[in-house]
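Just coords-v5.pdb here, PDB, C-alpha atoms:
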MODEL        1
ATOM      1  CA  MET A   1     -86.228  36.878   4.002
ATOM      2  CA  MET A   2     -86.450  33.200   3.166
ATOM      3  CA  SER A   3     -89.557  31.165   2.489
ATOM      4  CA  GLN A   4     -90.287  28.095   4.610
ATOM      5  CA  ASP A   5     -90.477  26.202   1.313
ATOM      6  CA  ASP A   6     -86.705  26.548   0.978
ATOM      7  CA  PRO A   7     -85.340  23.432   2.732
ATOM      8  CA  ASN A   8     -81.768  24.741   2.552
ATOM      9  CA  SER A   9     -82.367  27.981   4.418
ATOM     10  CA  HIS A  10     -80.432  28.264   7.679
ATOM     11  CA  PRO A  11     -83.518  28.268   9.966
ATOM     12  CA  MET A  12     -84.956  25.206   8.212
ATOM     13  CA  LEU A  13     -81.668  23.306   8.468
ATOM     14  CA  GLU A  14     -81.399  24.246  12.147
ATOM     15  CA  LEU A  15     -84.942  23.045  12.866
ATOM     16  CA  ARG A  16     -84.321  19.836  10.910
ATOM     17  CA  GLU A  17     -81.204  19.199  13.009
ATOM     18  CA  LYS A  18     -83.159  19.704  16.247
ATOM     19  CA  LEU A  19     -85.869  17.260  15.120
ATOM     20  CA  GLN A  20     -83.494  14.445  14.152
ATOM     21  CA  PRO A  21     -82.875  12.984  17.663
ATOM     22  CA  GLU A  22     -86.648  12.858  18.260
ATOM     23  CA  VAL A  23     -87.238  11.094  14.937
ATOM     24  CA  THR A  24     -84.296   8.706  15.513
ATOM     25  CA  GLU A  25     -85.904   7.673  18.793
ATOM     26  CA  LEU A  26     -89.234   7.109  16.997
ATOM     27  CA  ILE A  27     -87.542   4.860  14.408
ATOM     28  CA  LYS A  28     -85.776   2.894  17.178
ATOM     29  CA  GLN A  29     -89.121   2.423  18.936
ATOM     30  CA  GLN A  30     -90.753   1.208  15.701
ATOM     31  CA  ARG A  31     -87.932  -1.270  15.187
ATOM     32  CA  LEU A  32     -88.208  -2.552  18.759
ATOM     33  CA  ASN A  33     -91.947  -3.028  18.207
ATOM     34  CA  ARG A  34     -91.140  -4.984  15.041
ATOM     35  CA  LEU A  35     -88.722  -7.217  16.984
ATOM     36  CA  CYS A  36     -91.453  -7.844  19.563
ATOM     37  CA  GLU A  37     -93.843  -8.930  16.797
ATOM     38  CA  GLY A  38     -91.238 -11.413  15.577
ATOM     39  CA  THR A  39     -90.329 -12.850  12.187
ATOM     40  CA  CYS A  40     -90.319 -16.229  10.514
ATOM     41  CA  PHE A  41     -86.888 -17.232   9.148
ATOM     42  CA  ARG A  42     -85.710 -19.908   6.751
ATOM     43  CA  LYS A  43     -83.686 -22.607   8.468
ATOM     44  CA  ILE A  44     -80.535 -23.623   6.623
ATOM     45  CA  SER A  45     -79.575 -27.209   7.345
ATOM     46  CA  ALA A  46     -76.217 -28.892   6.754
ATOM     47  CA  ARG A  47     -77.573 -30.085   3.393
ATOM     48  CA  ARG A  48     -78.531 -26.488   2.527
ATOM     49  CA  ARG A  49     -82.221 -27.354   2.284
ATOM     50  CA  GLN A  50     -84.409 -24.321   2.886
ATOM     51  CA  ASP A  51     -87.803 -25.917   3.449
ATOM     52  CA  LYS A  52     -87.713 -25.656   7.250
ATOM     53  CA  PHE A  53     -88.579 -22.565   9.287
ATOM     54  CA  TRP A  54     -88.098 -21.105  12.720
ATOM     55  CA  TYR A  55     -89.568 -18.083  14.456
ATOM     56  CA  CYS A  56     -87.804 -15.524  16.633
ATOM     57  CA  ARG A  57     -89.233 -12.616  18.626
ATOM     58  CA  LEU A  58     -88.244 -10.263  21.425
ATOM     59  CA  SER A  59     -90.198 -10.412  24.679
ATOM     60  CA  PRO A  60     -92.432  -7.396  25.472
ATOM     61  CA  ASN A  61     -90.018  -6.286  28.223
ATOM     62  CA  HIS A  62     -87.106  -6.403  25.689
ATOM     63  CA  LYS A  63     -85.061  -8.741  27.920
ATOM     64  CA  VAL A  64     -85.351 -12.136  26.188
ATOM     65  CA  LEU A  65     -85.234 -13.453  22.603
ATOM     66  CA  HIS A  66     -87.670 -16.370  22.216
ATOM     67  CA  TYR A  67     -87.206 -18.744  19.284
ATOM     68  CA  GLY A  68     -88.164 -22.172  18.069
ATOM     69  CA  ASP A  69     -88.854 -24.412  15.075
ATOM     70  CA  ILE A  70     -92.200 -24.141  13.320
ATOM     71  CA  GLU A  71     -93.826 -26.460  10.806
ATOM     72  CA  GLU A  72     -94.551 -23.993   8.021
ATOM     73  CA  LEU A  73     -93.962 -20.382   6.996
ATOM     74  CA  SER A  74     -96.026 -18.225   9.329
ATOM     75  CA  GLN A  75     -97.442 -14.841   8.347
ATOM     76  CA  GLY A  76     -98.979 -14.119  11.751
ATOM     77  CA  GLN A  77     -97.472 -13.698  15.194
ATOM     78  CA  ILE A  78     -96.536 -16.729  17.254
ATOM     79  CA  PRO A  79     -96.908 -16.228  21.037
ATOM     80  CA  HIS A  80     -93.517 -16.027  22.751
ATOM     81  CA  ASP A  81     -94.556 -18.566  25.394
ATOM     82  CA  SER A  82     -95.102 -21.185  22.669
ATOM     83  CA  LEU A  83     -91.487 -20.866  21.438
ATOM     84  CA  GLN A  84     -89.308 -23.504  23.121
ATOM     85  CA  GLU A  85     -85.906 -21.765  23.276
ATOM     86  CA  LYS A  86     -84.751 -18.444  24.681
ATOM     87  CA  VAL A  87     -81.655 -16.271  25.019
ATOM     88  CA  SER A  88     -81.290 -13.393  27.445
ATOM     89  CA  VAL A  89     -80.509 -10.108  25.680
ATOM     90  CA  ALA A  90     -77.905  -9.458  28.420
ATOM     91  CA  ASP A  91     -76.011 -12.573  27.187
ATOM     92  CA  ILE A  92     -75.732 -11.287  23.601
ATOM     93  CA  LYS A  93     -72.079 -10.486  22.853
ATOM     94  CA  ALA A  94     -72.192  -9.405  19.195
ATOM     95  CA  VAL A  95     -74.081  -9.446  15.911
ATOM     96  CA  VAL A  96     -72.151 -10.430  12.774
ATOM     97  CA  THR A  97     -73.278 -10.287   9.155
ATOM     98  CA  GLY A  98     -72.440 -11.823   5.784
ATOM     99  CA  LYS A  99     -69.274 -13.870   5.431
ATOM    100  CA  ASP A 100     -68.457 -13.462   9.148
ATOM    101  CA  CYS A 101     -71.452 -15.641  10.080
ATOM    102  CA  PRO A 102     -70.595 -19.215  11.131
ATOM    103  CA  HIS A 103     -73.223 -20.683   8.778
ATOM    104  CA  MET A 104     -71.725 -18.763   5.833
ATOM    105  CA  ARG A 105     -68.045 -19.581   6.422
ATOM    106  CA  GLU A 106     -68.120 -22.764   4.360
ATOM    107  CA  LYS A 107     -66.746 -22.097   0.886
ATOM    108  CA  GLY A 108     -69.598 -24.044  -0.695
ATOM    109  CA  ALA A 109     -72.170 -21.697   0.822
ATOM    110  CA  LEU A 110     -70.343 -18.594  -0.410
ATOM    111  CA  LYS A 111     -69.996 -19.908  -3.944
ATOM    112  CA  GLN A 112     -73.493 -21.301  -4.005
ATOM    113  CA  ASN A 113     -75.512 -18.189  -3.293
ATOM    114  CA  LYS A 114     -74.226 -14.613  -2.927
ATOM    115  CA  GLU A 115     -77.771 -13.368  -2.269
ATOM    116  CA  LEU A 116     -77.910 -15.662   0.772
ATOM    117  CA  LEU A 117     -74.646 -14.150   1.964
ATOM    118  CA  GLU A 118     -76.198 -10.647   1.907
ATOM    119  CA  LEU A 119     -79.168 -11.872   3.959
ATOM    120  CA  ALA A 120     -77.163 -13.761   6.585
ATOM    121  CA  PHE A 121     -76.620 -12.540  10.150
ATOM    122  CA  SER A 122     -75.759 -14.249  13.426
ATOM    123  CA  ILE A 123     -76.151 -13.376  17.100
ATOM    124  CA  LEU A 124     -73.249 -14.473  19.315
ATOM    125  CA  HIS A 125     -74.343 -15.270  22.864
ATOM    126  CA  ASN A 126     -72.817 -16.941  25.930
ATOM    127  CA  SER A 127     -69.521 -18.661  25.146
ATOM    128  CA  ASP A 128     -69.244 -18.883  21.366
ATOM    129  CA  GLU A 129     -72.826 -19.999  20.738
ATOM    130  CA  TYR A 130     -74.615 -18.508  17.726
ATOM    131  CA  LEU A 131     -78.169 -18.013  16.550
ATOM    132  CA  ASN A 132     -77.897 -18.074  12.759
ATOM    133  CA  PHE A 133     -80.398 -16.214  10.587
ATOM    134  CA  ILE A 134     -81.237 -15.767   6.924
ATOM    135  CA  ALA A 135     -83.304 -12.568   6.694
ATOM    136  CA  PRO A 136     -86.491 -12.742   4.568
ATOM    137  CA  ASP A 137     -85.275  -9.744   2.527
ATOM    138  CA  LYS A 138     -82.564  -7.084   2.496
ATOM    139  CA  HIS A 139     -84.509  -4.723   4.768
ATOM    140  CA  GLU A 140     -84.810  -7.115   7.728
ATOM    141  CA  GLY A 141     -81.969  -7.037  10.237
ATOM    142  CA  LYS A 142     -80.326  -3.892   8.924
ATOM    143  CA  GLU A 143     -78.625  -1.448  11.272
ATOM    144  CA  MET A 144     -79.884   2.059  12.008
ATOM    145  CA  THR A 145     -77.316   3.286   9.445
ATOM    146  CA  SER A 146     -78.944   1.592   6.445
ATOM    147  CA  ASP A 147     -80.260   3.441   3.381
ATOM    148  CA  LEU A 148     -83.786   2.495   4.449
ATOM    149  CA  THR A 149     -83.255   4.185   7.820
ATOM    150  CA  LYS A 150     -81.909   7.326   6.151
ATOM    151  CA  SER A 151     -84.930   7.388   3.858
ATOM    152  CA  ASP A 152     -87.311   6.888   6.829
ATOM    153  CA  MET A 153     -85.494   9.589   8.757
ATOM    154  CA  ASP A 154     -85.713  12.073   5.887
ATOM    155  CA  THR A 155     -89.416  11.377   5.304
ATOM    156  CA  LEU A 156     -90.340  11.638   8.985
ATOM    157  CA  VAL A 157     -88.270  14.787   9.611
ATOM    158  CA  THR A 158     -89.796  16.457   6.539
ATOM    159  CA  MET A 159     -93.310  15.538   7.697
ATOM    160  CA  GLU A 160     -92.606  16.794  11.226
ATOM    161  CA  LEU A 161     -91.196  20.041   9.819
ATOM    162  CA  LYS A 162     -94.312  20.616   7.745
ATOM    163  CA  LEU A 163     -96.601  19.896  10.704
ATOM    164  CA  ARG A 164     -94.732  22.281  12.973
ATOM    165  CA  LEU A 165     -94.728  25.021  10.358
ATOM    166  CA  LEU A 166     -98.448  24.814   9.514
ATOM    167  CA  ASP A 167     -99.175  27.876  11.653
ATOM    168  CA  LEU A 168     -96.526  29.787   9.723
ATOM    169  CA  GLU A 169     -98.115  29.177   6.339
ATOM    170  CA  ASN A 170     -97.276  32.030   3.939
ATOM    171  CA  ILE A 171     -95.183  33.818   6.567
ATOM    172  CA  GLN A 172     -91.646  34.718   5.608
ATOM    173  CA  ILE A 173     -88.995  33.278   7.919
ATOM    174  CA  PRO A 174     -85.963  35.535   8.411
ATOM    175  CA  GLU A 175     -82.629  34.156   7.239
ATOM    176  CA  VAL A 176     -80.902  35.475  10.371
ATOM    177  CA  PRO A 177     -82.343  35.999  13.853
ATOM    178  CA  PRO A 178     -83.363  39.542  14.791
ATOM    179  CA  PRO A 179     -80.665  41.628  16.520
ATOM    180  CA  VAL A 180     -80.444  41.483  20.299
ATOM    181  CA  PRO A 181     -81.581  44.837  21.770
ATOM    182  CA  LYS A 182     -79.095  47.062  23.596
ATOM    183  CA  GLU A 183     -78.755  46.606  27.334
ATOM    184  CA  PRO A 184     -80.785  49.043  29.435
ATOM    185  CA  SER A 185     -78.908  52.009  30.922
ATOM    186  CA  THR A 186     -79.984  51.041  34.439
ATOM    187  CA  TYR A 187     -81.173  47.893  36.172
ATOM    188  CA  ASN A 188     -83.159  49.658  38.922
ATOM    189  CA  PHE A 189     -86.259  47.764  37.908
ATOM    190  CA  VAL A 190     -84.627  44.463  38.950
ATOM    191  CA  TYR A 191     -85.294  43.328  42.494
ATOM    192  CA  ASP A 192     -82.105  43.183  44.540
ATOM    193  CA  PHE A 193     -82.112  40.065  46.712
ATOM    194  CA  THR A 194     -78.864  41.034  48.449
ATOM    195  CA  GLN A 195     -80.471  43.929  50.317
ATOM    196  CA  GLN A 196     -82.378  43.095  53.446
ATOM    197  CA  HIS A 197     -85.491  45.137  54.060
ATOM    198  CA  THR A 198     -86.551  45.935  57.619
TER
ENDMDL
END
Write the structure described by the file as C-alpha cells, please.
Amino acid sequence: MMSQDDPNSHPMLELREKLQPEVTELIKQQRLNRLCEGTCFRKISARRRQDKFWYCRLSPNHKVLHYGDIEELSQGQIPHDSLQEKVSVADIKAVVTGKDCPHMREKGALKQNKELLELAFSILHNSDEYLNFIAPDKHEGKEMTSDLTKSDMDTLVTMELKLRLLDLENIQIPEVPPPVPKEPSTYNFVYDFTQQHT
C-alpha cells in the first residue's frame, strides 16, 4: 500500500496525468483573459528612443487585436474602442521572437542591448506587415512551453490533486488496482433481448 503523500506512486502519477489537460486549459484561459486586459509596451523608434508607449489588447470575442499610441505608461486598462488601429486575429500569419524580429535585425540593435533582444517579439499579419513588440519583462509573451508555464502547471496540478484527495485523508491508496473478479458461471440473470416474448 502506498500513501497519497507519495507523489511518485503509480496511482498519483496516473491521476496527475489525467488532470493535466484540464489544468492546461485553465492556464490557456487565464492567458486569454490577460490578452483581453491588454498591456502597455515600449515603442522603439528608429533612433532607439524608448520614451514612447503603445497599448495592445485582444477584443472580448478573441477575434481582433486593438492597438494604438498612448501618451504615457499606463497601469490600468485602456478600452479597446479608444485604440485607433486593429488587426484581425484571422489575418495573423506567425509570431517571431528575438533576432528574427524585423525591429531587431539591425546589427546596431543586437550589439546595443541583448536584454532587448530577449524581450522582442513580432506578429506577422497580412502581406509582410509586422506589429513589433518589446515585452515589459521576460514573462510577457512567452509560449505555453515556458518555464513559468511548467511551474504554473505543476502548482495547479498539485493543488487540484490535494483537493480531490481530501476525502481520502489518511486512507492508504493501493499501488495496484484490485484484481478483476472471475466471470460468473452462468449469465441467466442477464435479460436476453434477442428472445421475443408472447
The PyMOL selection byres ((chain A and resi 58) around 8) applied to the shown file, residues as a VMD selection string: chain A and resid 35 to 38 56 to 57 59 to 60 62 to 66 80
Residues in the PyMOL selection byres ((chain A and resi 114-126) around 7), expressed as a ChimeraX atom specification: /A:91-99,101,104,110-113,127-135,137-138
Computed interatomic separation between CA of Ser9 (chain A) and CA of Glu175 (chain A) (Å):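 These atoms are spaced 6.8 Å apart.
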Between CA of Val180 (chain A) and CA of Glu22 (chain A) - distance in Å to one decimal: 29.4 Å
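When the PyMOL selection byres ((chain A and resi 51-55) around 7) is run on the displayed coordinates, the residues it returns are A:Gly38, A:Thr39, A:Cys40, A:Phe41, A:Arg42, A:Lys43, A:Arg49, A:Gln50, A:Cys56, A:Arg57, A:Tyr67, A:Gly68, A:Asp69, A:Ile70, A:Glu71, A:Glu72, A:Leu73.
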Computed interatomic separation between CA of Val87 (chain A) and CA of Leu26 (chain A) (Å):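 Pair CA of Val87 (chain A) / CA of Leu26 (chain A) returns 25.9 Å.
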